[in-house]
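Note: the block below is start_21.cif and it holds mmCIF, C-alpha atoms and all ligand atoms.
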```cif
data_coords
loop_
_atom_site.label_atom_id
_atom_site.label_comp_id
_atom_site.auth_asym_id
_atom_site.auth_seq_id
_atom_site.Cartn_x
_atom_site.Cartn_y
_atom_site.Cartn_z
CA MET K 4 36.71 26.05 13.34
CA GLY K 5 40.45 25.84 12.56
CA GLN K 6 40.68 22.10 13.28
CA SER K 7 44.13 20.65 12.55
CA GLN K 8 43.33 17.17 13.94
CA PRO K 9 40.56 15.04 12.47
CA TRP K 10 37.23 15.65 14.17
CA ASP K 11 36.09 12.83 16.43
CA ALA K 12 32.81 12.84 14.54
CA ILE K 13 31.41 14.62 11.54
CA VAL K 14 27.66 14.63 11.21
CA ILE K 15 26.55 15.23 7.64
CA GLY K 16 23.09 16.74 7.81
CA GLY K 17 21.86 19.17 10.45
CA GLY K 18 18.21 18.14 10.44
CA ILE K 19 16.41 16.39 13.28
CA ALA K 20 18.55 13.21 13.35
CA GLY K 21 21.86 15.04 12.91
CA LEU K 22 21.17 17.60 15.64
CA SER K 23 20.06 14.95 18.09
CA ALA K 24 23.28 12.99 17.44
CA ALA K 25 25.35 16.16 17.83
CA ILE K 26 23.83 16.86 21.26
CA TYR K 27 24.81 13.37 22.47
CA LEU K 28 28.30 13.54 20.94
CA ALA K 29 29.08 17.01 22.25
CA ARG K 30 27.89 16.09 25.73
CA ALA K 31 30.17 13.04 25.54
CA LYS K 32 33.04 15.55 25.01
CA ARG K 33 33.64 14.43 21.44
CA GLN K 34 34.83 17.07 19.00
CA THR K 35 31.85 17.22 16.72
CA LEU K 36 31.22 19.08 13.49
CA VAL K 37 27.78 19.26 11.90
CA ILE K 38 27.90 20.02 8.19
CA ASP K 39 24.59 21.06 6.71
CA ASN K 40 23.21 22.76 3.64
CA ARG K 41 20.00 23.69 5.50
CA LYS K 42 17.37 21.87 3.44
CA SER K 43 15.75 19.87 6.23
CA LEU K 44 12.28 18.54 5.46
CA ALA K 45 11.33 19.85 8.89
CA ASN K 46 11.27 23.35 7.37
CA TRP K 47 8.17 22.27 5.44
CA ALA K 48 6.33 21.23 8.58
CA THR K 49 4.55 24.41 9.61
CA ASP K 50 2.91 22.88 12.68
CA VAL K 51 4.25 19.68 14.22
CA GLU K 52 1.66 18.23 16.57
CA ASN K 53 3.08 14.76 17.24
CA TYR K 54 6.48 15.59 18.76
CA LEU K 55 6.66 14.79 22.47
CA GLY K 56 6.63 17.80 24.77
CA PHE K 57 4.80 20.35 22.61
CA PRO K 58 1.10 19.98 23.45
CA HIS K 59 0.17 22.92 21.26
CA GLY K 60 2.50 22.01 18.41
CA ILE K 61 5.70 23.62 17.22
CA ALA K 62 6.89 24.78 13.79
CA GLY K 63 9.54 22.49 12.29
CA GLU K 64 11.75 25.52 11.71
CA ASP K 65 11.56 26.40 15.39
CA LEU K 66 12.39 22.84 16.42
CA LEU K 67 15.49 22.93 14.20
CA ALA K 68 16.59 26.29 15.62
CA ARG K 69 16.21 24.98 19.18
CA GLY K 70 18.15 21.80 18.33
CA ARG K 71 20.97 23.78 16.75
CA LYS K 72 21.18 26.06 19.76
CA GLN K 73 21.19 23.08 22.14
CA ALA K 74 23.95 21.25 20.22
CA GLY K 75 25.99 24.47 20.02
CA HIS K 76 25.52 25.08 23.75
CA TYR K 77 27.32 21.79 24.52
CA GLY K 78 30.17 22.51 22.10
CA ALA K 79 29.17 21.07 18.72
CA GLU K 80 30.40 23.21 15.83
CA PHE K 81 28.69 23.91 12.53
CA ALA K 82 29.70 24.40 8.92
CA ASP K 83 27.40 25.55 6.13
CA ASP K 84 28.53 23.34 3.29
CA TYR K 85 27.30 20.67 0.92
CA ILE K 86 29.29 17.43 0.95
CA GLU K 87 29.99 16.13 -2.53
CA GLU K 88 32.21 13.20 -1.74
CA LEU K 89 33.22 10.85 1.04
CA ARG K 90 36.48 8.86 0.99
CA ARG K 91 38.28 6.71 3.47
CA ALA K 92 42.07 6.76 3.77
CA PRO K 93 44.05 3.59 4.62
CA SER K 94 44.48 5.13 8.11
CA ASN K 95 40.67 4.75 8.45
CA ILE K 96 40.27 8.51 8.62
CA PHE K 97 37.33 9.76 6.57
CA HIS K 98 37.89 12.57 4.08
CA VAL K 99 34.72 14.59 3.80
CA ILE K 100 34.86 16.71 0.69
CA GLY K 101 32.60 19.73 0.67
CA GLN K 102 31.97 22.48 -1.84
CA HIS K 103 33.91 24.91 0.37
CA GLU K 104 36.39 22.77 2.32
CA VAL K 105 37.78 19.30 2.93
CA TYR K 106 37.25 17.93 6.45
CA GLU K 107 38.64 14.89 8.24
CA ALA K 108 36.96 12.70 10.81
CA ARG K 109 37.38 9.46 12.71
CA ARG K 110 33.69 8.66 12.48
CA VAL K 111 31.01 9.91 10.11
CA LEU K 112 27.26 9.97 10.59
CA LEU K 113 25.04 10.30 7.54
CA ALA K 114 21.89 12.15 8.60
CA THR K 115 21.14 13.40 5.12
CA GLY K 116 17.43 12.57 5.00
CA ILE K 117 15.22 12.32 1.94
CA TYR K 118 13.27 14.59 -0.35
CA HIS K 119 9.56 14.11 -1.04
CA LEU K 120 8.69 14.74 -4.66
CA PRO K 121 5.36 16.56 -4.87
CA PRO K 122 3.22 16.11 -8.02
CA ASP K 123 4.13 18.69 -10.66
CA ILE K 124 0.92 20.75 -10.81
CA PRO K 125 0.61 24.57 -10.89
CA GLY K 126 -0.49 26.00 -7.53
CA LEU K 127 0.58 22.96 -5.58
CA PRO K 128 4.00 24.13 -4.32
CA GLU K 129 2.35 27.04 -2.47
CA CYS K 130 0.18 24.56 -0.56
CA LEU K 131 3.05 22.40 0.74
CA GLY K 132 2.87 22.04 4.50
CA HIS K 133 -0.31 24.17 4.65
CA SER K 134 -2.91 21.99 2.98
CA MET K 135 -0.74 19.58 0.95
CA PHE K 136 0.88 16.82 3.00
CA PHE K 137 2.87 13.62 2.60
CA CYS K 138 2.19 11.71 5.78
CA LYS K 139 -1.11 10.73 7.32
CA ASP K 140 0.49 9.94 10.69
CA CYS K 141 1.78 13.54 10.82
CA ASP K 142 -1.11 15.45 9.31
CA GLY K 143 -4.19 13.19 9.08
CA PHE K 144 -5.47 14.34 12.47
CA ARG K 145 -5.48 18.03 11.52
CA CYS K 146 -7.65 17.20 8.47
CA GLU K 147 -10.51 15.74 10.47
CA GLY K 148 -13.86 16.44 8.80
CA ARG K 149 -12.25 18.02 5.72
CA ARG K 150 -12.66 17.02 2.07
CA ILE K 151 -9.46 15.10 1.46
CA GLY K 152 -7.88 14.27 -1.90
CA ILE K 153 -5.21 11.57 -2.27
CA PHE K 154 -2.85 11.62 -5.27
CA GLY K 155 -1.68 8.21 -6.47
CA TRP K 156 -2.41 5.08 -8.45
CA ASN K 157 -1.06 2.09 -6.52
CA ASN K 158 -2.06 -0.14 -3.59
CA GLU K 159 -0.59 2.34 -1.12
CA THR K 160 -2.92 5.03 -2.47
CA VAL K 161 -5.98 2.89 -1.84
CA GLU K 162 -4.80 1.97 1.65
CA TYR K 163 -4.12 5.65 2.38
CA ALA K 164 -7.65 6.53 1.30
CA LEU K 165 -9.16 3.76 3.42
CA ALA K 166 -7.15 4.83 6.49
CA MET K 167 -8.27 8.44 5.98
CA LEU K 168 -11.92 7.41 6.41
CA LEU K 169 -11.28 7.52 10.17
CA TYR K 170 -10.74 11.27 9.80
CA SER K 171 -13.31 12.17 7.18
CA PRO K 172 -16.26 10.76 5.27
CA CYS K 173 -15.18 12.71 2.13
CA VAL K 174 -12.08 11.08 0.69
CA PHE K 175 -11.25 11.06 -3.04
CA ILE K 176 -8.47 9.55 -5.15
CA PHE K 177 -6.79 11.45 -8.02
CA GLN K 178 -4.78 9.29 -10.43
CA ASN K 179 -3.62 12.43 -12.22
CA GLY K 180 -3.67 10.76 -15.66
CA HIS K 181 -1.80 7.59 -14.61
CA GLU K 182 -3.03 4.03 -15.18
CA SER K 183 -4.19 2.45 -11.95
CA ARG K 184 -1.77 -0.17 -10.64
CA TRP K 185 -3.70 -1.36 -7.62
CA SER K 186 -4.61 -5.03 -7.14
CA ALA K 187 -8.03 -6.61 -7.73
CA GLN K 188 -8.46 -6.76 -3.94
CA HIS K 189 -7.75 -3.01 -3.67
CA GLU K 190 -10.17 -2.31 -6.53
CA GLU K 191 -12.81 -4.31 -4.64
CA TRP K 192 -12.19 -2.26 -1.49
CA LEU K 193 -12.65 0.97 -3.44
CA HIS K 194 -16.13 -0.25 -4.48
CA GLU K 195 -16.98 -1.70 -1.08
CA TYR K 196 -16.05 1.54 0.73
CA GLU K 197 -17.50 3.77 -2.03
CA ILE K 198 -14.41 5.91 -2.54
CA PRO K 199 -14.68 8.15 -5.65
CA VAL K 200 -11.74 7.90 -8.06
CA TYR K 201 -10.83 10.56 -10.66
CA PRO K 202 -8.50 9.08 -13.33
CA GLU K 203 -8.02 12.37 -15.22
CA ARG K 204 -5.02 14.67 -15.11
CA VAL K 205 -5.23 17.53 -12.61
CA VAL K 206 -4.28 20.76 -14.38
CA ASP K 207 -4.50 23.31 -11.57
CA VAL K 208 -4.66 23.57 -7.80
CA HIS K 209 -6.65 26.62 -6.73
CA HIS K 210 -5.78 27.88 -3.26
CA LYS K 211 -6.05 30.87 -0.95
CA HIS K 212 -2.75 31.65 0.79
CA GLY K 213 -1.76 27.98 0.57
CA ASP K 214 -5.16 26.60 1.59
CA VAL K 215 -6.44 24.47 -1.28
CA GLN K 216 -9.96 25.33 -2.46
CA TRP K 217 -10.53 23.11 -5.49
CA LEU K 218 -8.75 21.07 -8.13
CA GLU K 219 -9.34 21.63 -11.81
CA LEU K 220 -9.35 18.48 -13.93
CA GLU K 221 -8.39 18.30 -17.61
CA SER K 222 -12.07 18.08 -18.59
CA GLY K 223 -12.71 21.42 -16.82
CA VAL K 224 -14.49 19.78 -13.86
CA HIS K 225 -13.78 21.41 -10.47
CA VAL K 226 -13.57 19.24 -7.34
CA GLU K 227 -13.83 21.07 -4.04
CA LEU K 228 -11.26 20.05 -1.45
CA ASN K 229 -9.61 21.32 1.75
CA ALA K 230 -6.63 19.00 2.01
CA LEU K 231 -4.35 16.99 -0.26
CA PHE K 232 -2.05 14.08 0.41
CA THR K 233 0.28 12.21 -1.87
CA THR K 234 1.68 8.74 -1.54
CA ARG K 235 5.14 9.93 -2.02
CA GLY K 236 7.93 9.53 -4.48
CA ASP K 237 10.94 9.76 -2.17
CA ILE K 238 14.48 10.62 -3.21
CA TYR K 239 16.99 9.26 -0.70
CA HIS K 240 20.17 11.27 -0.11
CA ASN K 241 22.28 8.11 -0.15
CA LYS K 242 24.99 9.13 -2.64
CA LEU K 243 27.73 9.37 0.00
CA ALA K 244 26.88 5.92 1.37
CA HIS K 245 27.14 4.46 -2.14
CA GLN K 246 30.52 6.09 -2.69
CA LEU K 247 31.95 4.07 0.21
CA GLY K 248 30.11 0.90 -0.81
CA ALA K 249 27.61 0.83 2.09
CA ASN K 250 24.68 -1.50 1.45
CA THR K 251 21.27 -0.08 0.66
CA HIS K 252 17.87 -1.67 0.09
CA ASP K 253 15.22 0.16 -1.92
CA SER K 254 17.50 3.22 -1.66
CA GLU K 255 17.46 3.13 2.16
CA VAL K 256 20.88 2.97 3.85
CA LEU K 257 21.03 -0.23 5.87
CA VAL K 258 22.23 -0.04 9.48
CA ASN K 259 22.70 -2.50 12.34
CA GLU K 260 21.29 -2.08 15.86
CA CYS K 261 24.05 0.49 16.59
CA MET K 262 23.12 2.55 13.49
CA GLU K 263 26.39 1.53 11.83
CA THR K 264 26.25 0.91 8.09
CA THR K 265 28.01 -2.02 6.45
CA VAL K 266 31.11 0.24 6.28
CA ARG K 267 32.99 0.34 9.59
CA GLY K 268 32.93 3.75 11.24
CA LEU K 269 30.20 5.05 8.94
CA TYR K 270 26.84 5.47 10.65
CA ALA K 271 23.42 6.56 9.40
CA ALA K 272 20.28 7.85 11.13
CA GLY K 273 16.90 9.37 10.32
CA CYS K 274 14.89 9.23 7.11
CA VAL K 275 17.83 8.02 5.00
CA THR K 276 17.62 4.66 6.85
CA PRO K 277 14.67 2.24 6.76
CA ALA K 278 13.12 4.10 9.72
CA ASN K 279 9.62 5.46 9.39
CA CYS K 280 10.14 9.10 8.42
CA GLN K 281 8.95 10.81 11.61
CA MET K 282 10.74 13.50 13.59
CA ILE K 283 10.66 11.72 16.92
CA ILE K 284 12.02 8.57 15.30
CA ALA K 285 14.76 10.55 13.52
CA ALA K 286 15.69 12.17 16.85
CA GLY K 287 15.77 8.76 18.53
CA GLU K 288 17.94 7.27 15.80
CA GLY K 289 20.28 10.25 16.00
CA ALA K 290 20.63 9.77 19.76
CA LYS K 291 21.30 6.07 19.27
CA ALA K 292 23.94 6.79 16.64
CA GLY K 293 25.58 9.44 18.85
CA GLN K 294 25.83 6.97 21.72
CA ALA K 295 27.18 4.21 19.48
CA ILE K 296 29.83 6.47 17.96
CA ASN K 297 30.90 7.60 21.41
CA ARG K 298 31.17 3.98 22.57
CA SER K 299 33.23 3.03 19.53
CA LEU K 300 35.61 5.99 20.08
CA PHE K 301 35.91 5.02 23.75
CA GLU K 302 36.82 1.41 22.90
CA GLU K 303 39.34 2.64 20.35
CA SER K 304 40.91 4.96 22.92
CA LEU K 305 41.50 1.99 25.24
CA GLN K 306 43.03 -0.09 22.44
CA THR K 307 45.31 2.68 21.23
CA HIS K 308 46.09 3.92 24.76
CA ALA K 309 44.85 7.38 23.79
CA LEU K 310 42.80 7.46 26.99
CA HIS K 311 45.93 6.54 28.93
CA ARG K 312 47.84 9.46 27.39
CA PHE K 313 44.94 11.75 28.22
CA ARG K 314 44.94 10.49 31.80
CA SER K 315 48.72 10.98 32.15
CA LYS K 316 48.35 14.60 31.10
CA GLN K 317 45.46 15.05 33.53
CA ILE K 318 47.63 13.77 36.40
CA GLU K 319 50.60 15.84 35.22
CA ASN K 320 48.48 18.95 35.28
CA CYS K 321 47.21 18.09 38.75
CA GLU K 322 43.64 18.30 37.57
CA THR K 323 42.79 15.53 39.96
CA GLU K 324 43.74 14.92 43.51
CA PRO K 325 42.69 11.53 44.91
CA PRO K 326 41.11 11.71 48.35
CA VAL K 327 43.51 10.87 51.16
CA GLY K 328 43.65 7.11 51.73
CA ALA K 329 42.11 6.17 48.35
CA ALA K 330 43.54 2.97 46.93
CA THR K 331 44.99 3.09 43.39
CA ALA K 332 44.36 0.01 41.29
CA ARG K 333 47.57 -1.67 40.12
C1 LIG J 1 5.21 18.86 4.71
C2 LIG J 1 5.87 17.99 5.77
C3 LIG J 1 5.30 17.91 7.04
C4 LIG J 1 5.88 17.09 8.01
N1 LIG J 1 5.28 17.04 9.24
C5 LIG J 1 5.78 16.23 10.17
C6 LIG J 1 5.15 16.15 11.45
O1 LIG J 1 4.14 16.83 11.72
N2 LIG J 1 5.68 15.28 12.34
C7 LIG J 1 6.78 14.50 12.08
O2 LIG J 1 7.18 13.72 12.93
N3 LIG J 1 7.40 14.58 10.89
C8 LIG J 1 6.94 15.42 9.93
N4 LIG J 1 7.55 15.49 8.72
C9 LIG J 1 8.75 14.63 8.47
C10 LIG J 1 10.01 15.25 9.10
O3 LIG J 1 10.27 16.49 8.51
C11 LIG J 1 11.17 14.28 8.92
O4 LIG J 1 10.84 13.04 9.55
C12 LIG J 1 12.47 14.79 9.57
O5 LIG J 1 12.80 16.08 9.12
C13 LIG J 1 13.59 13.80 9.24
O6 LIG J 1 14.79 14.17 9.86
P1 LIG J 1 16.19 13.82 9.17
O7 LIG J 1 17.21 14.37 10.10
O8 LIG J 1 16.26 12.39 8.81
O9 LIG J 1 16.20 14.62 7.80
P2 LIG J 1 16.08 16.18 7.58
O10 LIG J 1 15.46 16.84 8.75
O11 LIG J 1 15.44 16.38 6.25
O12 LIG J 1 17.59 16.68 7.54
C14 LIG J 1 18.51 16.28 6.57
C15 LIG J 1 19.55 17.40 6.45
O13 LIG J 1 20.69 16.93 5.71
C16 LIG J 1 21.12 17.96 4.84
N5 LIG J 1 21.91 17.34 3.78
C17 LIG J 1 21.54 16.36 2.91
N6 LIG J 1 22.57 16.01 2.12
C18 LIG J 1 23.61 16.79 2.49
C19 LIG J 1 24.96 16.90 2.05
N7 LIG J 1 25.44 16.12 1.08
N8 LIG J 1 25.76 17.83 2.62
C20 LIG J 1 25.30 18.62 3.62
N9 LIG J 1 24.03 18.55 4.10
C21 LIG J 1 23.20 17.65 3.56
C22 LIG J 1 19.83 18.62 4.37
O14 LIG J 1 20.05 19.90 3.87
C23 LIG J 1 19.03 18.61 5.68
O15 LIG J 1 19.25 19.80 6.42
C24 LIG J 1 7.03 16.32 7.72
C25 LIG J 1 7.61 16.41 6.45
C26 LIG J 1 7.04 17.23 5.49
C27 LIG J 1 7.67 17.29 4.13
#
```
Any chance you could give the structure as structure tokens?
Ligand SMILES: Cc1cc2nc3c(=O)[nH]c(=O)nc-3n(C[C@H](O)[C@H](O)[C@H](O)COP(=O)(O)OP(=O)(O)OC[C@H]3O[C@@H](n4cnc5c(N)ncnc54)[C@H](O)[C@@H]3O)c2cc1C
Amino acid sequence: MGQSQPWDAIVIGGGIAGLSAAIYLARAKRQTLVIDNRKSLANWATDVENYLGFPHGIAGEDLLARGRKQAGHYGAEFADDYIEELRRAPSNIFHVIGQHEVYEARRVLLATGIYHLPPDIPGLPECLGHSMFFCKDCDGFRCEGRRIGIFGWNNETVEYALAMLLYSPCVFIFQNGHESRWSAQHEEWLHEYEIPVYPERVVDVHHKHGDVQWLELESGVHVELNALFTTRGDIYHNKLAHQLGANTHDSEVLVNECMETTVRGLYAAGCVTPANCQMIIAAGEGAKAGQAINRSLFEESLQTHALHRFRSKQIENCETEPPVGAATAR
């Protein structure tokens, strides 16, 4: 790297949103550094079937590797680091403090994502991404005709179960020992649509190479299943936004239509924002943020005459020769 000047843009998070932003920024000739500690949720997605352009699906890991290669191809650079702290100097330069190094940037994009908390049950971690999922829009389709269990105890759980009926006639709810917190209307729907509910704690998830076979309840009862979903407890990686005083709502980092947070020069994209947590949406938000950052750097370069200095050097170095007879604006 060896960067003595601040980077034009530092992207914190090299998942789907961050890589997409880096491609746009690098192609806009902005010096761009992606800092990532390689824990993208996309690594959990073994087979992504809803991303445009891959009719037979693609592994999330593969999509990340392709994105990294693409961003690198256009000149984005990468650092393996975990950012602990973000500060802003009076000069408006951001100080990005990592575990290994301190970096400086004129603009920062937070593409730090979220973490889905799976229920804490033996056997379940091995099923993640294989037969245990978090998102019906991502993985409902692949579970067509299977026996589907939904973990949860609130309105969202009931609505998840009802929506899953389009994929399978066998849908069950597991409260896993929690009191139900759904409304009277949701309770009525459970009866009307005859959805079985198991209030007991689940003590074990039996699986074969990650494919769930049955759940064991506290009473010893076994319930056969082929797929599990959970209405998720999400942890938002919003610490850095809070450090600079950016506004959040329900833990989500708020952004305007240009993906800028309430702190000038600090942008956010992907699952850490209120966007629906889907790869194609994260990629779109990253692209939008990359474009907005580039625009803001361009406007600044006109105000500060940095573009003029760049142009003077270009002319000095004879990198351009106007065609004979071309008029020069005064
Ligand atoms: C099991 C599973 C299956 C899924 N299947 C699908 C699917 O089929 N289709 C679909 O559209 N979506 C799917 N998703 C969701 C998808 O993975 C996310 O929408 C997508 O990864 C979000 O992109 P992102 O860039 O916002 O966050 P991420 O891709 O999670 O990237 C965030 C990155 O930021 C890094 N980071 C965080 N904090 C720091 C820090 N302080 N310093 C440095 N680095 C940091 C992380 O390590 C990570 O690499 C699935 C998710 C799961 C869990």
Original post:
Within 8 Å of region 180-196 of chain K, counting only C-alpha atoms, which residues qualify if same-chain residues fewer than 3 places away don't, as a list in words?
Top reply: Trp156, Asn157, Asn158, Val161, Glu162, Leu165, Pro199, Pro202, Glu203, Arg204 and Val205 of chain K
Subject >> One-decimal distance in Å that lies between CA of Gln178 (chain K) and CA of Ile153 (chain K) >> reply: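 Going from CA of Ile153 (chain K) over to CA of Gln178 (chain K), I get 8.5 Å.
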**OP:** List all protein, DNA and RNA residues that have any atom at most 7 Å from ligand LIG 1 (chain J), counting all atoms listed in the file, and write the list as a PyMOL selection string.
**Re:** chain K and resi 15-21+38-45+47-48+50-54+84-87+114-117+119+131-132+136-138+141-142+240+272-275+280-283+285
Subject >> Non-local contacts of Ala164 (chain K) (8 Å; all atoms listed in the file; under 2 positions in same chain excluded) as an MDAnalysis selection string >> reply: chainID K and resid 153 160:162 166:168 174:176 198
C-alpha atoms of the current selection, written as a tab-separated table (two decimals), in the coordinates of the input:
```
chain	number	residue	atom	x	y	z
K	153	ILE	CA	-5.21	11.57	-2.27
K	160	THR	CA	-2.92	5.03	-2.47
K	161	VAL	CA	-5.98	2.89	-1.84
K	162	GLU	CA	-4.80	1.97	1.65
K	166	ALA	CA	-7.15	4.83	6.49
K	167	MET	CA	-8.27	8.44	5.98
K	168	LEU	CA	-11.92	7.41	6.41
K	174	VAL	CA	-12.08	11.08	0.69
K	175	PHE	CA	-11.25	11.06	-3.04
K	176	ILE	CA	-8.47	9.55	-5.15
K	198	ILE	CA	-14.41	5.91	-2.54
```
Select all residues near (38.0, 9.4, 13.8) (cut-off 7 Å, inclusive, file coordinates), counting only C-alpha atoms, and output them as an mmCIF file with C-alpha atoms, keeping the file's coordinate frame.
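So selection_3.cif came out as:
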```cif
data_model
loop_
_atom_site.group_PDB
_atom_site.id
_atom_site.type_symbol
_atom_site.label_atom_id
_atom_site.label_comp_id
_atom_site.auth_asym_id
_atom_site.auth_seq_id
_atom_site.Cartn_x
_atom_site.Cartn_y
_atom_site.Cartn_z
ATOM 1 C CA PRO K 9 40.560 15.040 12.470
ATOM 2 C CA TRP K 10 37.230 15.650 14.170
ATOM 3 C CA ASP K 11 36.090 12.830 16.430
ATOM 4 C CA ALA K 12 32.810 12.840 14.540
ATOM 5 C CA ILE K 96 40.270 8.510 8.620
ATOM 6 C CA ALA K 108 36.960 12.700 10.810
ATOM 7 C CA ARG K 109 37.380 9.460 12.710
ATOM 8 C CA ARG K 110 33.690 8.660 12.480
#
```
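Counting from CA of Pro277 (chain K), the distance to CA of Gly63 (chain K) is 21.6 Å.
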**OP:** Grab the CA of Asp214 (chain K) to CA of Met135 (chain K) distance for me, in Å with one decimal place.
**Re:**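 Distance between the two atoms: 8.3 Å.
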Original post:
From the list K:His245, K:Gly289, K:Pro125, K:Gln8, which residue is nearest Gly70 (chain K) when using all atoms listed in the file?
Top reply: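 Using all atoms listed in the file, Gly70 (chain K) sits closest to K:Gly289.
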